[in-house]
Every structure is written in structure tokens, then in C-alpha cells.
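Data block below; observations after.
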Amino acid sequence: MSTHFNEGGPSLGSSAVKRGAAATGKLVYIDAASVRAARTDMPGDRMVKALAETFRALSDPTRIRIISVLAGQELCVFDLSRLLGLTGSAVSHQLRLLRGQRLVKYRKEGKVAYYSLDDDHIRNLMEECIKHVTVG
């Protein structure tokens with residue numbers, strides 16, 4: 001067993017190890033090298049918050065449907081609302097949330113706004129999520 005390099009996190013191990021760690025004021029881990037590597041690989045607070053916001057935006061079934069549809073082609077609010085059986089207002093609200101997370105973008109053609117996925121990363125994320133859900 002090795003001593004952890006940073007105090008303040010949870011410790012692992014037997015109660016004897018915990019008592020020893022408490023006596024020295026240092027945390028002990030079963031595999032300190034792996035813990036150091038994990039700490040290095042762990043994203044920073046800003047990234048974690050941004051990722052959580054992205055997944056929160058994707059956690060709504062209506063928004064998943066919108067993303068799925070837009071993965072194939074761009075559509076206007078009117079066509080999206082008809083396709084999904086929702087009001088234009090409800091679709092616009094969801095699109096505004098998705099735009100805020102940079103998951104969708106739009107282009108104007110006259111007075112009509114056509115929505116599409118912001119980039120291929122969103123399409124790839126959805127494809128990977130579908131694979132994950134269907135493999136299980």
C-alpha cells in the first residue's frame with residue numbers, strides 16, 4: 001500500500017489502514033498509481049459542468065426525438081412540429097434549449113428557419129448512445 005499524494009479524498013482499505021491514515025493525516029489507497037492516473041485523467045470542474053449540461057439537455061425524450069430527426073436532415077419548426085405531433089411553440093422551446101447547448105443550429109431562408117445538428121459530434125454521440133442501449 002502506498003500513501004496518497006493529496007489529502008481530502010476518500011480512503012480505501014481495512015479499518016486498520018484507515019486508523020493508520022487518520023493517525024498520520026494522510027490518505028492511503030490500494031493502488032496509488034492508478035488513483036494518480038485517474039486524477040490526471042479526470043476532467044476539470046468547468047468541463048464536468050459543461051458535460052452535465054449537455055447530458056441534461058439530452059435527457060428529455062422530446063429533445064432526443066428532435067436530435068434523432070435532425071441527424072438525418074434539416075427541418076423547419078413547422079415540419080418538426082407536425083412530425084412530432086407537438087405545437088410549434090413547444091418545438092421552438094425545445095430547439096432554443098438545444099441551441100443554448102450548441103447541439104443544433106439554424107439557417108434562415110426568407111422567413112423560415114431550418115434546423116440541423118450543430119456538428120457531426122452530436123450525430124456520433126447519438127449513434128454511440130444508441131449502440132450502448134441496444135447492446136445491453
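Ordered as shown in the C-alpha cells, chains take letters A, B, and onward, while each chain numbers its residues from 1 and ligands are numbered from 1 in the order shown.
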
Using only C-alpha atoms, which residues of stretch 33-67 of chain A come within 10 Å of stretch 99-118 of chain A, and what is the closest atom pair for each, with the distance in Å to one decimal? Give it as JSON lines, sorted by chain and residue number.
{"residue": "A:Ala50", "atom": "CA", "partner": "A:Gln101", "partner_atom": "CA", "distance": 8.7}
{"residue": "A:Leu51", "atom": "CA", "partner": "A:Gln101", "partner_atom": "CA", "distance": 9.8}
{"residue": "A:Glu53", "atom": "CA", "partner": "A:Gln101", "partner_atom": "CA", "distance": 7.5}
{"residue": "A:Thr54", "atom": "CA", "partner": "A:Gln101", "partner_atom": "CA", "distance": 6.2}
{"residue": "A:Phe55", "atom": "CA", "partner": "A:Gln101", "partner_atom": "CA", "distance": 9.7}
{"residue": "A:Arg56", "atom": "CA", "partner": "A:Gln101", "partner_atom": "CA", "distance": 9.8}
{"residue": "A:Ala57", "atom": "CA", "partner": "A:Gln101", "partner_atom": "CA", "distance": 7.3}
{"residue": "A:Leu58", "atom": "CA", "partner": "A:Leu103", "partner_atom": "CA", "distance": 9.2}
{"residue": "A:Ile66", "atom": "CA", "partner": "A:Val104", "partner_atom": "CA", "distance": 9.5}
{"residue": "A:Ile67", "atom": "CA", "partner": "A:Leu117", "partner_atom": "CA", "distance": 7.0}

Problem set entry | Spatial neighbours of A:Val69, max dist 10 Å, only C-alpha atoms, sep filter under 3 positions, as a PyMOL selection string | chain A and resi 63-66+72-75+80+83-84+116-117

Surrounding residues of A:Ala90 excluding itself and chain neighbours under 2 positions, 12 Å, only C-alpha atoms, as a short mmCIF file (atom, residue, chain, number, x, y, z; two decimals) with N, CA and C atoms, in the first residue's frame:
data_model
loop_
_atom_site.label_atom_id
_atom_site.label_comp_id
_atom_site.auth_asym_id
_atom_site.auth_seq_id
_atom_site.Cartn_x
_atom_site.Cartn_y
_atom_site.Cartn_z
N THR A 62 -38.44 14.35 -25.84
CA THR A 62 -38.76 15.19 -27.00
C THR A 62 -37.49 15.71 -27.65
N ARG A 63 -36.52 16.14 -26.85
CA ARG A 63 -35.27 16.63 -27.41
C ARG A 63 -34.50 15.51 -28.10
N ILE A 66 -36.05 15.12 -31.47
CA ILE A 66 -35.62 16.20 -32.35
C ILE A 66 -34.20 15.95 -32.85
N VAL A 77 -39.36 24.46 -38.11
CA VAL A 77 -40.18 24.25 -36.92
C VAL A 77 -41.55 23.68 -37.29
N PHE A 78 -42.14 24.19 -38.34
CA PHE A 78 -43.46 23.72 -38.75
C PHE A 78 -43.42 22.22 -39.05
N LEU A 80 -41.13 20.01 -38.14
CA LEU A 80 -40.80 19.28 -36.90
C LEU A 80 -42.04 19.12 -36.03
N SER A 81 -42.80 20.19 -35.87
CA SER A 81 -43.97 20.12 -35.00
C SER A 81 -45.00 19.13 -35.56
N ARG A 82 -45.21 19.14 -36.86
CA ARG A 82 -46.15 18.19 -37.48
C ARG A 82 -45.65 16.76 -37.31
N LEU A 84 -43.61 15.51 -35.05
CA LEU A 84 -43.58 15.07 -33.65
C LEU A 84 -44.95 15.17 -32.97
N GLY A 85 -45.92 15.76 -33.62
CA GLY A 85 -47.24 15.90 -33.01
C GLY A 85 -47.26 16.90 -31.87
N LEU A 86 -46.47 17.95 -31.99
CA LEU A 86 -46.38 18.98 -30.96
C LEU A 86 -46.74 20.33 -31.56
N THR A 87 -46.99 21.30 -30.71
CA THR A 87 -47.23 22.65 -31.20
C THR A 87 -45.91 23.27 -31.64
N GLY A 88 -46.01 24.25 -32.51
CA GLY A 88 -44.81 24.97 -32.94
C GLY A 88 -44.11 25.63 -31.77
N SER A 92 -40.32 25.01 -30.70
CA SER A 92 -39.42 26.16 -30.63
C SER A 92 -38.73 26.25 -29.28
N HIS A 93 -39.48 25.98 -28.22
CA HIS A 93 -38.90 25.99 -26.87
C HIS A 93 -37.79 24.96 -26.74
N GLN A 94 -38.03 23.75 -27.23
CA GLN A 94 -37.02 22.69 -27.15
C GLN A 94 -35.80 23.04 -28.01
N LEU A 95 -36.04 23.60 -29.18
CA LEU A 95 -34.93 24.00 -30.05
C LEU A 95 -34.09 25.10 -29.42
N ARG A 96 -34.74 26.01 -28.72
CA ARG A 96 -33.99 27.07 -28.03
C ARG A 96 -33.06 26.47 -26.98
N LEU A 97 -33.55 25.49 -26.24
CA LEU A 97 -32.70 24.82 -25.24
C LEU A 97 -31.54 24.08 -25.92
#

For this session: Could you pull out the residues in chain A that DSSP calls alpha helix (DSSP H) from the backbone, as a ChimeraX atom specification?
Result: /A:15-24,32-41,45-57,61-70,77-84,88-100,120-135

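Of the residues listed (A:Arg39, A:Ala71, A:Leu27, A:Arg46), A:Ala71 shows the shortest atom-to-atom separation from A:Arg123; distances use only C-alpha atoms.
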
Problem set entry | Which of stretch 5-118 of chain A fall in strand (DSSP E), as a PyMOL selection string | chain A and resi 28-29+75-76+104-109+112-117

Excluding A:Met126 and residues on its chain fewer than 4 positions from it, collect all residues at most 8 Å away from it, counting only C-alpha atoms, and give them as a PDB file with C-alpha atoms, in the first residue's frame.
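For reference, result-v1.pdb as written:
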ATOM      1  CA  SER A  68     -32.689  11.943 -33.977  1.00  0.00           C
ATOM      2  CA  ILE A 122     -23.706  15.293 -31.956  1.00  0.00           C
ATOM      3  CA  ILE A 130     -27.982   4.005 -29.494  1.00  0.00           C
TER       4      ILE A 130
END

For this session: Take atom CA of A:Asp60 and atom CA of A:Asp41 and report the distance between them in Å, one decimal.
Result: 29.0 Å

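Of the residues under consideration (A:Leu70, A:Cys76, A:Asp45, A:Thr40), A:Leu70 shows the shortest atom-to-atom contact distance to A:Asp120 when counting only C-alpha atoms.
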